[in-house]
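Pasting data_36.pdb here (PDB, C-alpha atoms, pLDDT in the B column):
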ATOM      1  CA  MET U   1      35.688 -15.109 -17.839  1.00 47.00           C
ATOM      2  CA  ILE U   2      36.496 -15.590 -14.141  1.00 44.00           C
ATOM      3  CA  LYS U   3      38.913 -12.629 -14.225  1.00 45.00           C
ATOM      4  CA  LYS U   4      36.206 -10.383 -15.796  1.00 44.00           C
ATOM      5  CA  SER U   5      33.656 -11.431 -13.127  1.00 38.00           C
ATOM      6  CA  PHE U   6      36.195 -10.718 -10.386  1.00 35.00           C
ATOM      7  CA  ILE U   7      36.832  -7.192 -11.742  1.00 36.00           C
ATOM      8  CA  ILE U   8      33.077  -6.412 -11.881  1.00 36.00           C
ATOM      9  CA  LEU U   9      32.640  -7.700  -8.309  1.00 32.00           C
ATOM     10  CA  ALA U  10      35.622  -5.640  -7.092  1.00 36.00           C
ATOM     11  CA  ILE U  11      34.163  -2.472  -8.660  1.00 34.00           C
ATOM     12  CA  ALA U  12      30.750  -3.121  -7.144  1.00 35.00           C
ATOM     13  CA  LEU U  13      32.196  -3.708  -3.681  1.00 33.00           C
ATOM     14  CA  SER U  14      34.365  -0.591  -3.814  1.00 34.00           C
ATOM     15  CA  THR U  15      31.508   1.725  -4.832  1.00 33.00           C
ATOM     16  CA  PRO U  16      30.682   4.118  -1.972  1.00 35.00           C
ATOM     17  CA  THR U  17      27.251   3.522  -0.458  1.00 32.00           C
ATOM     18  CA  SER U  18      27.118   6.516   1.891  1.00 31.00           C
ATOM     19  CA  ASN U  19      24.303   8.185  -0.085  1.00 30.00           C
ATOM     20  CA  LEU U  20      22.117   5.114  -0.618  1.00 28.00           C
ATOM     21  CA  TYR U  21      19.285   5.659   1.862  1.00 28.00           C
ATOM     22  CA  ALA U  22      16.140   5.156  -0.246  1.00 31.00           C
ATOM     23  CA  GLN U  23      15.505   1.740   1.284  1.00 30.00           C
ATOM     24  CA  ALA U  24      16.504   2.486   4.885  1.00 32.00           C
ATOM     25  CA  THR U  25      14.754   0.105   7.255  1.00 33.00           C
ATOM     26  CA  SER U  26      14.199   2.775   9.879  1.00 35.00           C
ATOM     27  CA  PRO U  27      14.394   6.578  10.017  1.00 38.00           C
ATOM     28  CA  GLU U  28      17.283   6.322  12.499  1.00 39.00           C
ATOM     29  CA  GLN U  29      19.506   4.539   9.945  1.00 36.00           C
ATOM     30  CA  ALA U  30      19.681   7.559   7.629  1.00 38.00           C
ATOM     31  CA  PRO U  31      21.636  10.747   8.295  1.00 38.00           C
ATOM     32  CA  ALA U  32      19.619  13.527   9.947  1.00 40.00           C
ATOM     33  CA  LYS U  33      20.134  15.829   6.949  1.00 37.00           C
ATOM     34  CA  THR U  34      18.461  13.341   4.570  1.00 37.00           C
ATOM     35  CA  MET U  35      14.676  12.970   4.703  1.00 40.00           C
ATOM     36  CA  THR U  36      14.012   9.311   3.952  1.00 42.00           C
ATOM     37  CA  MET U  37      10.902   7.198   3.817  1.00 42.00           C
ATOM     38  CA  ASP U  38      10.616   3.857   5.581  1.00 41.00           C
ATOM     39  CA  HIS U  39       9.857   1.471   2.699  1.00 49.00           C
ATOM     40  CA  SER U  40       9.704  -1.651   4.848  1.00 54.00           C
ATOM     41  CA  HIS U  41       5.973  -1.052   5.403  1.00 70.00           C
ATOM     42  CA  LEU U  42       5.887  -1.612   9.132  1.00 89.00           C
ATOM     43  CA  PRO U  43       2.645  -1.828  11.112  1.00 94.00           C
ATOM     44  CA  ILE U  44       1.069   1.035  13.049  1.00 93.00           C
ATOM     45  CA  ALA U  45      -1.807   0.353  15.430  1.00 95.00           C
ATOM     46  CA  VAL U  46      -4.990   2.376  15.256  1.00 96.00           C
ATOM     47  CA  PRO U  47      -5.157   4.278  18.562  1.00 95.00           C
ATOM     48  CA  SER U  48      -7.517   2.592  21.039  1.00 94.00           C
ATOM     49  CA  ASP U  49      -9.697   5.707  21.358  1.00 94.00           C
ATOM     50  CA  VAL U  50     -10.392   5.839  17.584  1.00 96.00           C
ATOM     51  CA  LYS U  51     -12.943   3.767  15.636  1.00 96.00           C
ATOM     52  CA  THR U  52     -11.416   0.886  13.689  1.00 97.00           C
ATOM     53  CA  PRO U  53     -11.251   1.583   9.950  1.00 98.00           C
ATOM     54  CA  ALA U  54     -12.911  -0.875   7.585  1.00 98.00           C
ATOM     55  CA  ILE U  55     -12.239  -1.612   3.916  1.00 98.00           C
ATOM     56  CA  SER U  56     -14.085  -3.524   1.192  1.00 98.00           C
ATOM     57  CA  LEU U  57     -13.384  -3.771  -2.533  1.00 98.00           C
ATOM     58  CA  GLU U  58     -15.523  -4.017  -5.659  1.00 98.00           C
ATOM     59  CA  ILE U  59     -14.047  -4.761  -9.075  1.00 97.00           C
ATOM     60  CA  TYR U  60     -15.524  -5.023 -12.537  1.00 95.00           C
ATOM     61  CA  GLU U  61     -14.220  -5.254 -16.074  1.00 94.00           C
ATOM     62  CA  ASP U  62     -13.761  -1.922 -17.811  1.00 95.00           C
ATOM     63  CA  ALA U  63     -15.689  -1.531 -21.088  1.00 95.00           C
ATOM     64  CA  MET U  64     -12.448  -0.782 -22.969  1.00 95.00           C
ATOM     65  CA  SER U  65      -9.659  -2.610 -21.133  1.00 94.00           C
ATOM     66  CA  GLY U  66      -8.487  -3.744 -17.734  1.00 95.00           C
ATOM     67  CA  TYR U  67     -10.560  -3.369 -14.589  1.00 97.00           C
ATOM     68  CA  ASN U  68     -12.129  -0.667 -12.467  1.00 98.00           C
ATOM     69  CA  LEU U  69     -11.675  -0.916  -8.716  1.00 98.00           C
ATOM     70  CA  HIS U  70     -13.868   0.771  -6.126  1.00 98.00           C
ATOM     71  CA  ILE U  71     -12.519   1.044  -2.581  1.00 98.00           C
ATOM     72  CA  LYS U  72     -15.140   1.408   0.135  1.00 98.00           C
ATOM     73  CA  THR U  73     -13.881   2.612   3.496  1.00 98.00           C
ATOM     74  CA  GLN U  74     -15.547   3.266   6.807  1.00 97.00           C
ATOM     75  CA  HIS U  75     -14.119   5.256   9.737  1.00 97.00           C
ATOM     76  CA  TYR U  76     -11.152   6.256   7.556  1.00 97.00           C
ATOM     77  CA  ASN U  77     -10.137   9.385   5.674  1.00 95.00           C
ATOM     78  CA  LEU U  78      -8.491   8.370   2.389  1.00 96.00           C
ATOM     79  CA  THR U  79      -6.328  11.347   1.499  1.00 93.00           C
ATOM     80  CA  PRO U  80      -2.970  12.305   0.007  1.00 92.00           C
ATOM     81  CA  PRO U  81      -0.191  13.305   2.407  1.00 88.00           C
ATOM     82  CA  PRO U  82      -0.317  16.891   3.647  1.00 85.00           C
ATOM     83  CA  ARG U  83       1.567  19.446   1.602  1.00 84.00           C
ATOM     84  CA  GLY U  84       4.751  21.020   2.842  1.00 81.00           C
ATOM     85  CA  VAL U  85       7.823  19.629   4.487  1.00 67.00           C
ATOM     86  CA  LEU U  86       7.001  17.493   7.493  1.00 74.00           C
ATOM     87  CA  SER U  87       9.350  15.684   9.799  1.00 79.00           C
ATOM     88  CA  MET U  88       9.678  11.927   9.565  1.00 79.00           C
ATOM     89  CA  ALA U  89       8.178  11.707  13.056  1.00 79.00           C
ATOM     90  CA  ASP U  90       5.045  13.489  11.791  1.00 79.00           C
ATOM     91  CA  LEU U  91       4.725  11.184   8.781  1.00 82.00           C
ATOM     92  CA  MET U  92       5.317   8.009  10.782  1.00 83.00           C
ATOM     93  CA  SER U  93       2.868   8.814  13.587  1.00 81.00           C
ATOM     94  CA  ALA U  94      -0.872   8.228  13.692  1.00 86.00           C
ATOM     95  CA  SER U  95      -2.625  11.038  11.875  1.00 87.00           C
ATOM     96  CA  ILE U  96      -6.150  11.786  13.070  1.00 89.00           C
ATOM     97  CA  ASN U  97      -8.522  13.928  10.997  1.00 89.00           C
ATOM     98  CA  LYS U  98      -9.627  16.816  13.235  1.00 89.00           C
ATOM     99  CA  LYS U  99     -13.115  17.028  11.667  1.00 93.00           C
ATOM    100  CA  THR U 100     -14.070  13.332  11.668  1.00 93.00           C
ATOM    101  CA  GLY U 101     -11.909  11.917  14.456  1.00 93.00           C
ATOM    102  CA  PHE U 102     -10.878   9.023  12.156  1.00 96.00           C
ATOM    103  CA  VAL U 103      -7.347   7.954  11.303  1.00 96.00           C
ATOM    104  CA  GLU U 104      -6.242   9.106   7.878  1.00 95.00           C
ATOM    105  CA  GLY U 105      -3.776   8.202   5.200  1.00 95.00           C
ATOM    106  CA  HIS U 106      -3.687   6.613   1.787  1.00 96.00           C
ATOM    107  CA  ALA U 107      -3.926   3.054   0.491  1.00 98.00           C
ATOM    108  CA  HIS U 108      -1.515   0.733  -1.295  1.00 97.00           C
ATOM    109  CA  LEU U 109      -2.674  -1.366  -4.247  1.00 98.00           C
ATOM    110  CA  TYR U 110      -1.085  -4.783  -4.781  1.00 98.00           C
ATOM    111  CA  ILE U 111      -1.690  -7.079  -7.754  1.00 98.00           C
ATOM    112  CA  ASN U 112      -0.483 -10.654  -7.285  1.00 97.00           C
ATOM    113  CA  GLY U 113       1.633  -9.551  -4.324  1.00 96.00           C
ATOM    114  CA  ILE U 114       3.404  -6.715  -6.162  1.00 96.00           C
ATOM    115  CA  LYS U 115       2.866  -3.144  -5.040  1.00 96.00           C
ATOM    116  CA  ILE U 116       1.483  -1.233  -8.009  1.00 97.00           C
ATOM    117  CA  GLN U 117       0.744   2.216  -6.594  1.00 97.00           C
ATOM    118  CA  ARG U 118      -0.455   4.467  -3.812  1.00 96.00           C
ATOM    119  CA  VAL U 119      -4.157   5.297  -3.829  1.00 98.00           C
ATOM    120  CA  TYR U 120      -5.629   8.612  -2.650  1.00 97.00           C
ATOM    121  CA  GLY U 121      -9.244   8.159  -3.783  1.00 97.00           C
ATOM    122  CA  ALA U 122     -12.046   5.611  -3.919  1.00 97.00           C
ATOM    123  CA  ASP U 123     -11.983   4.730  -7.643  1.00 98.00           C
ATOM    124  CA  LEU U 124      -9.191   3.752 -10.007  1.00 97.00           C
ATOM    125  CA  HIS U 125      -8.546   1.980 -13.281  1.00 98.00           C
ATOM    126  CA  ILE U 126      -6.118  -0.934 -13.358  1.00 98.00           C
ATOM    127  CA  PRO U 127      -4.568  -1.653 -16.775  1.00 97.00           C
ATOM    128  CA  ALA U 128      -4.836  -5.239 -18.061  1.00 95.00           C
ATOM    129  CA  LYS U 129      -1.017  -5.515 -18.237  1.00 96.00           C
ATOM    130  CA  HIS U 130      -0.960  -6.151 -14.462  1.00 97.00           C
ATOM    131  CA  PHE U 131      -2.962  -9.365 -14.753  1.00 96.00           C
ATOM    132  CA  LYS U 132      -2.006 -12.867 -15.842  1.00 95.00           C
ATOM    133  CA  ASN U 133      -4.260 -15.625 -17.171  1.00 93.00           C
ATOM    134  CA  GLY U 134      -6.099 -17.509 -14.443  1.00 94.00           C
ATOM    135  CA  ILE U 135      -6.485 -16.430 -10.850  1.00 96.00           C
ATOM    136  CA  ASN U 136      -5.171 -13.019  -9.763  1.00 97.00           C
ATOM    137  CA  THR U 137      -5.184 -11.290  -6.392  1.00 98.00           C
ATOM    138  CA  VAL U 138      -6.058  -7.631  -5.915  1.00 98.00           C
ATOM    139  CA  SER U 139      -5.229  -6.378  -2.411  1.00 98.00           C
ATOM    140  CA  VAL U 140      -5.526  -2.960  -0.831  1.00 98.00           C
ATOM    141  CA  THR U 141      -4.049  -1.978   2.524  1.00 98.00           C
ATOM    142  CA  LEU U 142      -4.745   1.188   4.476  1.00 98.00           C
ATOM    143  CA  ASN U 143      -1.549   3.092   5.302  1.00 96.00           C
ATOM    144  CA  ASN U 144      -0.551   6.174   7.247  1.00 93.00           C
ATOM    145  CA  HIS U 145       1.271   9.064   5.566  1.00 90.00           C
ATOM    146  CA  GLY U 146       4.602   7.376   6.368  1.00 90.00           C
ATOM    147  CA  HIS U 147       3.487   4.235   4.420  1.00 90.00           C
ATOM    148  CA  MET U 148       3.116   2.105   7.559  1.00 93.00           C
ATOM    149  CA  PHE U 149       0.106  -0.220   7.302  1.00 96.00           C
ATOM    150  CA  TRP U 150      -2.712   0.255   9.780  1.00 95.00           C
ATOM    151  CA  THR U 151      -3.545  -2.586  12.166  1.00 96.00           C
ATOM    152  CA  ALA U 152      -6.327  -3.193  14.675  1.00 97.00           C
ATOM    153  CA  GLN U 153      -6.625  -6.069  17.125  1.00 96.00           C
ATOM    154  CA  ASP U 154      -3.156  -7.181  15.916  1.00 95.00           C
ATOM    155  CA  LYS U 155      -4.478  -7.690  12.357  1.00 97.00           C
ATOM    156  CA  LYS U 156      -3.534  -5.802   9.185  1.00 97.00           C
ATOM    157  CA  ILE U 157      -6.399  -3.739   7.767  1.00 98.00           C
ATOM    158  CA  VAL U 158      -6.615  -5.223   4.274  1.00 98.00           C
ATOM    159  CA  SER U 159      -9.083  -6.362   1.650  1.00 98.00           C
ATOM    160  CA  THR U 160      -8.189  -8.933  -1.016  1.00 98.00           C
ATOM    161  CA  LEU U 161     -10.131 -10.138  -4.037  1.00 98.00           C
ATOM    162  CA  TYR U 162      -9.275 -13.351  -5.877  1.00 98.00           C
ATOM    163  CA  ILE U 163     -10.465 -12.892  -9.438  1.00 97.00           C
ATOM    164  CA  ASP U 164     -10.565 -15.019 -12.552  1.00 95.00           C
ATOM    165  CA  ALA U 165     -11.662 -13.352 -15.796  1.00 89.00           C
ATOM    166  CA  SER U 166     -12.542 -16.728 -17.333  1.00 90.00           C
ATOM    167  CA  LEU U 167     -15.373 -17.292 -14.822  1.00 89.00           C
ATOM    168  CA  PRO U 168     -18.926 -15.963 -15.262  1.00 87.00           C
ATOM    169  CA  ASP U 169     -18.586 -14.253 -11.863  1.00 91.00           C
ATOM    170  CA  LEU U 170     -15.290 -12.369 -11.871  1.00 94.00           C
ATOM    171  CA  ILE U 171     -14.736 -12.606  -8.094  1.00 94.00           C
ATOM    172  CA  LYS U 172     -13.838 -16.129  -7.023  1.00 96.00           C
ATOM    173  CA  HIS U 173     -13.140 -15.349  -3.348  1.00 96.00           C
ATOM    174  CA  LYS U 174     -12.995 -12.302  -1.074  1.00 97.00           C
ATOM    175  CA  PHE U 175     -11.077 -11.688   2.160  1.00 97.00           C
ATOM    176  CA  GLU U 176     -11.603  -8.627   4.364  1.00 97.00           C
ATOM    177  CA  SER U 177      -9.939  -8.318   7.771  1.00 97.00           C
ATOM    178  CA  PHE U 178     -12.357  -5.504   8.727  1.00 97.00           C
ATOM    179  CA  PRO U 179     -15.205  -5.375   6.171  1.00 97.00           C
ATOM    180  CA  VAL U 180     -17.339  -2.294   5.646  1.00 97.00           C
ATOM    181  CA  SER U 181     -20.738  -2.812   7.263  1.00 93.00           C
ATOM    182  CA  GLU U 182     -23.665  -1.609   5.191  1.00 76.00           C
TER     183      GLU U 182
END
Exercise: express the given structure as structure tokens:
Amino acid sequence: MIKKSFIILAIALSTPTSNLYAQATSPEQAPAKTMTMDHSHLPIAVPSDVKTPAISLEIYEDAMSGYNLHIKTQHYNLTPPPRGVLSMADLMSASINKKTGFVEGHAHLYINGIKIQRVYGADLHIPAKHFKNGINTVSVTLNNHGHMFWTAQDKKIVSTLYIDASLPDLIKHKFESFPVSE
């Protein structure tokens, strides 16, 4: 058994890793010829001359299954990345919408601390399979096109709901670093 484990370890250690750049911690760590994405989700500050984005969440049970989530934003353009090949520098920098003057990007949805998906619009359905019995967290961060999370005043721009389907009121607690003002 020990000999078999040693052989597997030796094979794993001798496997070339020169093309494994999907999880590079910075654009500089990957070869110039390979376009990689920084998946470490680093912060990027909202420029001081731009209004601070705000985010609030609403969630309700879907009539058939799972939940429906509504993402309210203010001073933010929720949009998919631009089409065409862009440089990593373009994706990682602050993108400002020319019409509104607001920062833009997409959002990331997390359920119980696990990233589920990118979000490009205000409404989405979340399948029940992502939830456990008891208390669950639903968090959404605002991110630039390079997946860096937006910050303002040294705080992440995030909204989190703590929900429990067994309670009469689904939402048990809500946290918003920059809530949408009505």
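In this comparison, which uses only C-alpha atoms, the residue of U:Ser159, U:Ser48, U:Asn112, U:Asn143 approaching U:Tyr76 most closely is U:Asn143.
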message: List the spatial neighbours of U:Pro81 as a VMD selection string - criterion: any atom at most 8 Å away, all atoms listed in the file, same-chain residues fewer than 2 positions off excluded.
response: chain U and resid 79 83 105 to 106 145
task: Using only C-alpha atoms, determine which residues lie at most 9 Å from U:Gly113, disregarding the query and same-chain residues fewer than 2 positions distant; provide the list as a ChimeraX atom specification.
output: /U:110-111,115,137-139
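For the set U:Phe102, U:Phe149, U:Phe175, U:Tyr60, the residue with the smallest atom-to-atom gap to U:Asn77 is U:Phe102, counting all atoms listed in the file.
If only C-alpha atoms are the atoms counted, then among U:Ile96, U:Ile59, U:Leu42, U:Leu142 the closest residue to U:Lys172 is U:Ile59.
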field: Top pick for closest residue to U:His147, considering U:Leu91, U:Ala45, U:Leu167, U:Val103 and counting all atoms listed in the file
entry: U:Leu91
The centre and edge lengths of an axis-aligned box containing all atoms of stretch 99-117 of chain U present in the file, extended by 8 Å on each side, are to be given in Å to one decimal, as AutoDock Vina command-line options.
--center_x -5.3 --center_y 3.2 --center_z 3.2 --size_x 33.5 --size_y 43.7 --size_z 38.5
query: So what does the PyMOL selection byres ((chain U and resi 72) around 8) actually pick up in this one, as a ChimeraX atom specification?
result: /U:55-58,70-71,73-74,122,180
query: Expressed in Å to a single decimal, how great is the separation between atom CA of U:Asp123 and atom CA of U:Leu109?
result: 11.6 Å
- request: Just the residues within 8 Å of U:Lys174, please, counting all atoms listed in the file, with nothing from its chain fewer than 4 positions along; format it as number ranges by chain.
  value: U: 159-162
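Proximity ranking of U:Pro127, U:Pro179, U:Gly146, U:Pro168 relative to U:Asp62 places U:Pro127 first, based on all atoms listed in the file.
Nearest to U:Gly121 of all the residues U:Leu78, U:Ala89, U:Ala54, U:Met64 is U:Leu78, based on only C-alpha atoms.
Put simply, atom CA of U:His41 is 26.0 Å away from atom CA of U:Tyr67.
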Between atom CA of U:His125 and atom CA of U:Phe178, distance in Å (one decimal): 23.6 Å
field: Target residues per the PyMOL selection byres ((chain U and resi 44) around 9), formatted as a PyMOL selection string
entry: chain U and resi 42-43+45-47+92-94+143-144+148-152
Name the residues that the PyMOL selection byres ((chain U and resi 163) around 6) picks from the file above, as a PDB file with C-alpha atoms, in the coordinates of the input, using the file's chain letters and numbers.
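And here's selection_38.pdb as it stands now:
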ATOM      1  CA  ILE U 135      -6.485 -16.430 -10.850  1.00 96.00           C
ATOM      2  CA  ASN U 136      -5.171 -13.019  -9.763  1.00 97.00           C
ATOM      3  CA  TYR U 162      -9.275 -13.351  -5.877  1.00 98.00           C
ATOM      4  CA  ASP U 164     -10.565 -15.019 -12.552  1.00 95.00           C
ATOM      5  CA  LEU U 170     -15.290 -12.369 -11.871  1.00 94.00           C
ATOM      6  CA  ILE U 171     -14.736 -12.606  -8.094  1.00 94.00           C
ATOM      7  CA  LYS U 172     -13.838 -16.129  -7.023  1.00 96.00           C
TER       8      LYS U 172
END
Take stretch 40-51 of chain U, model N, CA, C and O atoms, and hand the result over as a CSV table (one decimal), in the frame of the given file.
chain,number,residue,atom,x,y,z
U,40,SER,N,9.9,-0.3,4.4
U,40,SER,CA,9.7,-1.7,4.8
U,40,SER,C,8.2,-1.9,5.2
U,40,SER,O,7.9,-3.1,5.4
U,41,HIS,N,7.4,-0.9,5.1
U,41,HIS,CA,6.0,-1.1,5.4
U,41,HIS,C,5.7,-1.8,6.7
U,41,HIS,O,5.2,-2.9,6.8
U,42,LEU,N,6.1,-1.1,7.8
U,42,LEU,CA,5.9,-1.6,9.1
U,42,LEU,C,4.5,-1.4,9.6
U,42,LEU,O,3.8,-0.5,9.0
U,43,PRO,N,4.0,-2.1,10.6
U,43,PRO,CA,2.6,-1.8,11.1
U,43,PRO,C,2.6,-0.6,12.0
U,43,PRO,O,3.5,-0.2,12.7
U,44,ILE,N,1.4,0.0,12.1
U,44,ILE,CA,1.1,1.0,13.0
U,44,ILE,C,-0.3,0.8,13.5
U,44,ILE,O,-1.3,0.6,12.7
U,45,ALA,N,-0.5,0.7,14.8
U,45,ALA,CA,-1.8,0.4,15.4
U,45,ALA,C,-2.7,1.6,15.4
U,45,ALA,O,-2.3,2.7,15.8
U,46,VAL,N,-4.0,1.3,15.1
U,46,VAL,CA,-5.0,2.4,15.3
U,46,VAL,C,-5.1,2.7,16.7
U,46,VAL,O,-5.2,1.7,17.6
U,47,PRO,N,-5.0,4.0,17.1
U,47,PRO,CA,-5.2,4.3,18.6
U,47,PRO,C,-6.4,3.7,19.2
U,47,PRO,O,-7.5,3.6,18.5
U,48,SER,N,-6.4,3.3,20.4
U,48,SER,CA,-7.5,2.6,21.0
U,48,SER,C,-8.7,3.5,21.2
U,48,SER,O,-9.9,3.0,21.3
U,49,ASP,N,-8.6,4.8,21.2
U,49,ASP,CA,-9.7,5.7,21.4
U,49,ASP,C,-10.3,6.2,20.0
U,49,ASP,O,-11.1,7.1,20.0
U,50,VAL,N,-9.9,5.5,18.9
U,50,VAL,CA,-10.4,5.8,17.6
U,50,VAL,C,-11.1,4.6,17.0
U,50,VAL,O,-10.7,3.5,17.2
U,51,LYS,N,-12.2,4.9,16.3
U,51,LYS,CA,-12.9,3.8,15.6
U,51,LYS,C,-12.0,3.0,14.6
U,51,LYS,O,-11.2,3.6,13.9
